Amino acid sequence: RSRKHGNVRSIFKTIFTDKRILMEFINMFIPELTWYGLSPEDITEENIEFTDVKHGRKETDLLFRIRREDGDAFLFLLLEHQSSVDYLMPLRLLSYMVRIWEKYVKENEKASKRKSFKLPVIIPVVFYNGAKKWDAHIRFVSKVWSSEEFREHVPDFKYRVVDVGRLNVKRLEEMKNALVVLLGIDGAKKEDIEGIKEWVNRLYDELPEEEKELLKEYGKLCLIGMCKRLGIGEEEVEIFEEVEEVSEMFEGLVR
């Protein structure tokens with residue numbers, strides 16, 4: 001949106017707070033979370049705000065508490081729509097994870113004093129749509145000097161990266177869901193718009209009805225985010241405000 005829809009980061013924050021979309025994201029990129037018969041009712045969005053260790057800015061990314069039979073787990077989704085890779089990401093995520101655990105301990109203050117108390121699993125995921133390929137270390141231990149020599153003294157975890165601009169969305173088509181289409185739109189390059197239009201229209205016809213409704217609900221928002229990322233002017237984006245069908249938006253965009 002220009003004035004109405006906010007920035008690209010807030011667009012995807014809006015999309016992923018819909019548990020139907022979040023479940024599709026989990027099924028596609030974190031399938032082990034579904035082994036316990038996960039449903040939207042098992043997911044709660046947590047309110048938490050971080051201060052970025054590198055830039056000092058406030059971050060309000062997405063944290064979800066996932067209820068499982070053997071205890072809580074957390075999914076931390078960091079939305080990165082930027083042109084450069086953050087090479088301090090392992091440290092940044094470790095900082096956030098520690099604060100999530102501290103919050104959990106505070107919530108369970110009495111139980112945390114017992115020997116049997118355990119901290120919940122945190123799965124950190126970086127959702128990235130920058131121009132450059134993400135090539136930062138994804139294991140924390142790889143960011144520490146002489147870590148091999150002192151391995152037992154160095155924390156080690158791995159975060160996941162969903163590099164939207166480099167996803168092979170055609171390989172994901174068999175999922176037959178709205179998120180595949182939204183990711184295809186978000187990762188589109190300016191020279192690919194005509195082809196993306198044809199791909200969206202074809203895939204839309206193959207979607208189940210409930211997925212078509214999801215795409216109608218968020219397609220315009222995602223398309224406007226794509227326009228902002230590609231530097232398409234506000235006056236062109238305004239065209240979409242009154243358009244209801246995603247296919248009509250693409251026709252206008254191609255023109």
# chains A, B, ... in the order shown; residues from 1 in each chain; ligands from 1
$ select_by_dssp --residues "stretch 41-219 of chain A" --states "helix (DSSP H, G or I)" --output "ChimeraX atom specification"
/A:41-42,89-107,111-113,140-143,151-153,164-166,169-175,178-186,190-206,209-219
$ select_by_dssp --residues "stretch 8-245 of chain A" --states "strand (DSSP E)" --output "PDB file with C-alpha atoms, in the first residue's frame"
ATOM      1  CA  ILE A  43      -0.643 -22.388  17.933  1.00  0.00           C
ATOM      2  CA  THR A  44      -0.666 -19.144  19.905  1.00  0.00           C
ATOM      3  CA  GLU A  45       0.984 -15.925  18.775  1.00  0.00           C
ATOM      4  CA  GLU A  46       3.229 -14.466  21.481  1.00  0.00           C
ATOM      5  CA  PHE A  50      13.459  -7.270  20.717  1.00  0.00           C
ATOM      6  CA  THR A  51      16.174  -4.667  20.270  1.00  0.00           C
ATOM      7  CA  LYS A  58      13.187  -2.395  17.795  1.00  0.00           C
ATOM      8  CA  GLU A  59      12.163  -5.663  16.167  1.00  0.00           C
ATOM      9  CA  LEU A  62       6.709 -13.237  14.864  1.00  0.00           C
ATOM     10  CA  LEU A  63       6.918 -15.674  17.761  1.00  0.00           C
ATOM     11  CA  PHE A  64       4.498 -18.582  18.036  1.00  0.00           C
ATOM     12  CA  ARG A  65       4.033 -20.966  20.963  1.00  0.00           C
ATOM     13  CA  ILE A  66       3.190 -24.463  19.781  1.00  0.00           C
ATOM     14  CA  ALA A  73       7.895 -25.501  21.432  1.00  0.00           C
ATOM     15  CA  PHE A  74       8.437 -22.074  19.910  1.00  0.00           C
ATOM     16  CA  LEU A  75       8.646 -21.019  16.283  1.00  0.00           C
ATOM     17  CA  PHE A  76      10.470 -17.715  15.832  1.00  0.00           C
ATOM     18  CA  LEU A  77       9.971 -16.202  12.383  1.00  0.00           C
ATOM     19  CA  LEU A  78      12.308 -13.336  11.507  1.00  0.00           C
ATOM     20  CA  LEU A  79      11.079 -11.384   8.472  1.00  0.00           C
ATOM     21  CA  GLU A  80      14.003  -9.981   6.500  1.00  0.00           C
ATOM     22  CA  VAL A 121      12.696 -25.990  21.805  1.00  0.00           C
ATOM     23  CA  ILE A 122      12.967 -22.830  19.676  1.00  0.00           C
ATOM     24  CA  ILE A 123      13.018 -23.164  15.902  1.00  0.00           C
ATOM     25  CA  PRO A 124      14.415 -19.964  14.366  1.00  0.00           C
ATOM     26  CA  VAL A 125      13.537 -19.285  10.729  1.00  0.00           C
ATOM     27  CA  VAL A 126      14.743 -16.359   8.623  1.00  0.00           C
ATOM     28  CA  PHE A 127      12.272 -15.423   5.898  1.00  0.00           C
ATOM     29  CA  TYR A 128      14.468 -13.522   3.460  1.00  0.00           C
ATOM     30  CA  ARG A 160      16.622 -22.170   8.681  1.00  0.00           C
ATOM     31  CA  VAL A 161      16.495 -19.746   5.784  1.00  0.00           C
ATOM     32  CA  VAL A 162      13.587 -19.425   3.377  1.00  0.00           C
ATOM     33  CA  ASP A 163      15.214 -17.423   0.581  1.00  0.00           C
TER      34      ASP A 163
END
$ atom_distance --atom1 "atom CA of A:Arg20" --atom2 "atom CA of A:Glu210"
10.1 Å
$ residues_around --residues "A:Val144" --least-positions-apart "6" --cutoff "10 Å" --atoms "only C-alpha atoms" --output "tab-separated table (two decimals) with N, CA, C and O atoms, in the first residue's frame"
chain	number	residue	atom	x	y	z
A	90	PRO	N	23.66	-15.29	13.19
A	90	PRO	CA	23.73	-16.30	14.25
A	90	PRO	C	23.72	-15.68	15.64
A	90	PRO	O	23.03	-16.17	16.54
A	91	LEU	N	24.47	-14.58	15.84
A	91	LEU	CA	24.49	-13.91	17.14
A	91	LEU	C	23.17	-13.23	17.43
A	91	LEU	O	22.65	-13.27	18.55
A	150	PHE	N	37.60	-25.61	20.67
A	150	PHE	CA	36.89	-25.44	21.94
A	150	PHE	C	35.41	-25.78	21.78
A	150	PHE	O	34.56	-25.14	22.38
A	151	ARG	N	35.11	-26.77	21.00
A	151	ARG	CA	33.73	-27.09	20.62
A	151	ARG	C	32.79	-27.27	21.81
A	151	ARG	O	31.65	-26.83	21.79
A	154	VAL	N	31.24	-23.98	23.14
A	154	VAL	CA	30.57	-23.06	22.21
A	154	VAL	C	29.13	-23.52	21.97
A	154	VAL	O	28.92	-24.69	21.62
A	155	PRO	N	28.14	-22.64	22.17
A	155	PRO	CA	26.76	-23.01	21.85
A	155	PRO	C	26.65	-23.37	20.37
A	155	PRO	O	27.39	-22.84	19.53
A	156	ASP	N	25.77	-24.28	20.07
A	156	ASP	CA	25.61	-24.66	18.67
A	156	ASP	C	24.13	-24.84	18.36
A	156	ASP	O	23.42	-25.56	19.06
$ atom_distance --atom1 "atom CA of A:Asp86" --atom2 "atom CA of A:Ala178"
29.1 Å
$ atom_distance --atom1 "atom CA of A:Tyr87" --atom2 "atom CA of A:Lys133"
12.1 Å
$ closest_residue --among "A:Asp61, A:Asp192, A:Glu206, A:Glu148" --to "A:Gly165" --atoms "only C-alpha atoms"
A:Asp192
$ residues_around --residues "A:Met89" --least-positions-apart "5" --cutoff "10 Å" --atoms "only C-alpha atoms" --output "list in words"
Val53, Lys54, Leu94, Ser95, Val126, Ala136, His137, Ile138, Arg139, Phe140, Lys143 and Tyr159 of chain A
$ closest_residue --among "A:Ser39, A:Asn129, A:Asn108, A:Thr34" --to "A:Phe12" --atoms "only C-alpha atoms"
A:Asn129
$ closest_residue --among "A:Ile100, A:Val85, A:Val141, A:Leu203" --to "A:Val169" --atoms "only C-alpha atoms"
A:Leu203
$ residues_around --residues "A:Tyr218" --least-positions-apart "2" --cutoff "10 Å" --atoms "only C-alpha atoms" --output "list in words"
Ile11, Phe12, Thr14, Ile15, Ile21, Ala178, Leu179, Leu182, Glu213, Leu214, Leu215, Lys216, Lys220, Leu221, Cys222, Leu223 and Val246 of chain A
$ decode --residues "stretch 68-83 of chain A" --atoms "all heavy atoms" --output "short mmCIF file (atom, residue, chain, number, x, y, z; two decimals), in the first residue's frame"
data_model
loop_
_atom_site.label_atom_id
_atom_site.label_comp_id
_atom_site.auth_asym_id
_atom_site.auth_seq_id
_atom_site.Cartn_x
_atom_site.Cartn_y
_atom_site.Cartn_z
N ARG A 68 2.47 -29.03 22.32
CA ARG A 68 2.63 -30.44 21.96
C ARG A 68 2.40 -31.30 23.20
O ARG A 68 2.43 -30.80 24.32
CB ARG A 68 4.04 -30.71 21.41
CG ARG A 68 4.41 -29.87 20.20
CD ARG A 68 5.73 -30.32 19.62
NE ARG A 68 6.78 -30.34 20.63
CZ ARG A 68 8.00 -30.85 20.42
NH1 ARG A 68 8.28 -31.39 19.26
NH2 ARG A 68 8.92 -30.81 21.37
N GLU A 69 2.21 -32.60 22.98
CA GLU A 69 1.95 -33.50 24.11
C GLU A 69 3.13 -33.53 25.07
O GLU A 69 2.96 -33.70 26.28
CB GLU A 69 1.66 -34.91 23.59
CG GLU A 69 0.30 -35.03 22.90
CD GLU A 69 0.04 -36.44 22.44
OE1 GLU A 69 0.89 -37.32 22.70
OE2 GLU A 69 -1.01 -36.66 21.80
N ASP A 70 4.35 -33.41 24.55
CA ASP A 70 5.54 -33.51 25.40
C ASP A 70 6.05 -32.15 25.86
O ASP A 70 7.17 -32.03 26.35
CB ASP A 70 6.65 -34.27 24.68
CG ASP A 70 7.07 -33.59 23.38
OD1 ASP A 70 6.33 -32.69 22.91
OD2 ASP A 70 8.14 -33.93 22.84
N GLY A 71 5.25 -31.09 25.68
CA GLY A 71 5.66 -29.76 26.13
C GLY A 71 5.65 -28.73 25.02
O GLY A 71 5.51 -29.06 23.84
N ASP A 72 5.80 -27.48 25.40
CA ASP A 72 5.76 -26.38 24.44
C ASP A 72 6.99 -26.38 23.54
O ASP A 72 8.08 -26.82 23.91
CB ASP A 72 5.70 -25.03 25.15
CG ASP A 72 4.36 -24.79 25.82
OD1 ASP A 72 3.37 -25.41 25.40
OD2 ASP A 72 4.31 -23.99 26.78
N ALA A 73 6.80 -25.85 22.33
CA ALA A 73 7.90 -25.50 21.43
C ALA A 73 7.60 -24.10 20.91
O ALA A 73 6.45 -23.64 20.95
CB ALA A 73 8.00 -26.50 20.28
N PHE A 74 8.63 -23.41 20.45
CA PHE A 74 8.44 -22.07 19.91
C PHE A 74 8.95 -22.02 18.48
O PHE A 74 9.99 -22.59 18.14
CB PHE A 74 9.18 -21.03 20.75
CG PHE A 74 8.53 -20.73 22.07
CD1 PHE A 74 8.89 -21.42 23.21
CD2 PHE A 74 7.54 -19.76 22.16
CE1 PHE A 74 8.29 -21.16 24.42
CE2 PHE A 74 6.93 -19.49 23.37
CZ PHE A 74 7.31 -20.19 24.51
N LEU A 75 8.21 -21.31 17.64
CA LEU A 75 8.65 -21.02 16.28
C LEU A 75 8.88 -19.52 16.21
O LEU A 75 7.96 -18.73 16.42
CB LEU A 75 7.57 -21.44 15.27
CG LEU A 75 7.77 -20.97 13.82
CD1 LEU A 75 9.05 -21.53 13.23
CD2 LEU A 75 6.57 -21.38 12.96
N PHE A 76 10.13 -19.13 15.94
CA PHE A 76 10.47 -17.72 15.83
C PHE A 76 10.71 -17.41 14.36
O PHE A 76 11.60 -17.98 13.73
CB PHE A 76 11.72 -17.38 16.66
CG PHE A 76 12.11 -15.92 16.57
CD1 PHE A 76 11.27 -14.93 17.04
CD2 PHE A 76 13.31 -15.54 15.99
CE1 PHE A 76 11.60 -13.59 16.95
CE2 PHE A 76 13.67 -14.21 15.90
CZ PHE A 76 12.82 -13.23 16.38
N LEU A 77 9.90 -16.53 13.80
CA LEU A 77 9.97 -16.20 12.38
C LEU A 77 10.47 -14.77 12.22
O LEU A 77 9.79 -13.82 12.59
CB LEU A 77 8.58 -16.36 11.75
CG LEU A 77 8.45 -16.22 10.24
CD1 LEU A 77 9.40 -17.16 9.50
CD2 LEU A 77 7.02 -16.50 9.81
N LEU A 78 11.69 -14.64 11.70
CA LEU A 78 12.31 -13.34 11.51
C LEU A 78 12.11 -12.93 10.05
O LEU A 78 12.58 -13.61 9.14
CB LEU A 78 13.80 -13.40 11.85
CG LEU A 78 14.58 -12.09 11.79
CD1 LEU A 78 14.09 -11.11 12.84
CD2 LEU A 78 16.07 -12.36 11.99
N LEU A 79 11.40 -11.84 9.82
CA LEU A 79 11.08 -11.38 8.47
C LEU A 79 12.14 -10.41 7.99
O LEU A 79 12.25 -9.30 8.51
CB LEU A 79 9.70 -10.72 8.45
CG LEU A 79 8.55 -11.59 9.00
CD1 LEU A 79 7.26 -10.79 9.01
CD2 LEU A 79 8.38 -12.85 8.17
N GLU A 80 12.92 -10.81 7.00
CA GLU A 80 14.00 -9.98 6.50
C GLU A 80 13.74 -9.60 5.05
O GLU A 80 13.97 -10.40 4.14
CB GLU A 80 15.34 -10.73 6.60
CG GLU A 80 15.86 -10.89 8.00
CD GLU A 80 16.29 -9.56 8.61
OE1 GLU A 80 17.34 -9.03 8.22
OE2 GLU A 80 15.56 -9.07 9.49
N HIS A 81 13.23 -8.42 4.84
CA HIS A 81 13.10 -7.88 3.49
C HIS A 81 14.13 -6.78 3.35
O HIS A 81 13.88 -5.63 3.67
CB HIS A 81 11.68 -7.35 3.25
CG HIS A 81 10.72 -8.44 2.86
ND1 HIS A 81 10.23 -9.34 3.75
CD2 HIS A 81 10.18 -8.77 1.66
CE1 HIS A 81 9.40 -10.18 3.13
NE2 HIS A 81 9.37 -9.85 1.86
N GLN A 82 15.31 -7.13 2.92
CA GLN A 82 16.40 -6.16 2.82
C GLN A 82 17.30 -6.56 1.66
O GLN A 82 17.24 -7.68 1.17
CB GLN A 82 17.20 -6.12 4.13
CG GLN A 82 17.76 -7.48 4.53
CD GLN A 82 18.45 -7.43 5.88
OE1 GLN A 82 18.03 -6.71 6.77
NE2 GLN A 82 19.51 -8.21 6.02
N SER A 83 18.15 -5.65 1.26
CA SER A 83 18.99 -5.91 0.09
C SER A 83 20.32 -6.54 0.45
O SER A 83 21.04 -7.00 -0.43
CB SER A 83 19.25 -4.58 -0.67
OG SER A 83 19.86 -3.65 0.20
#
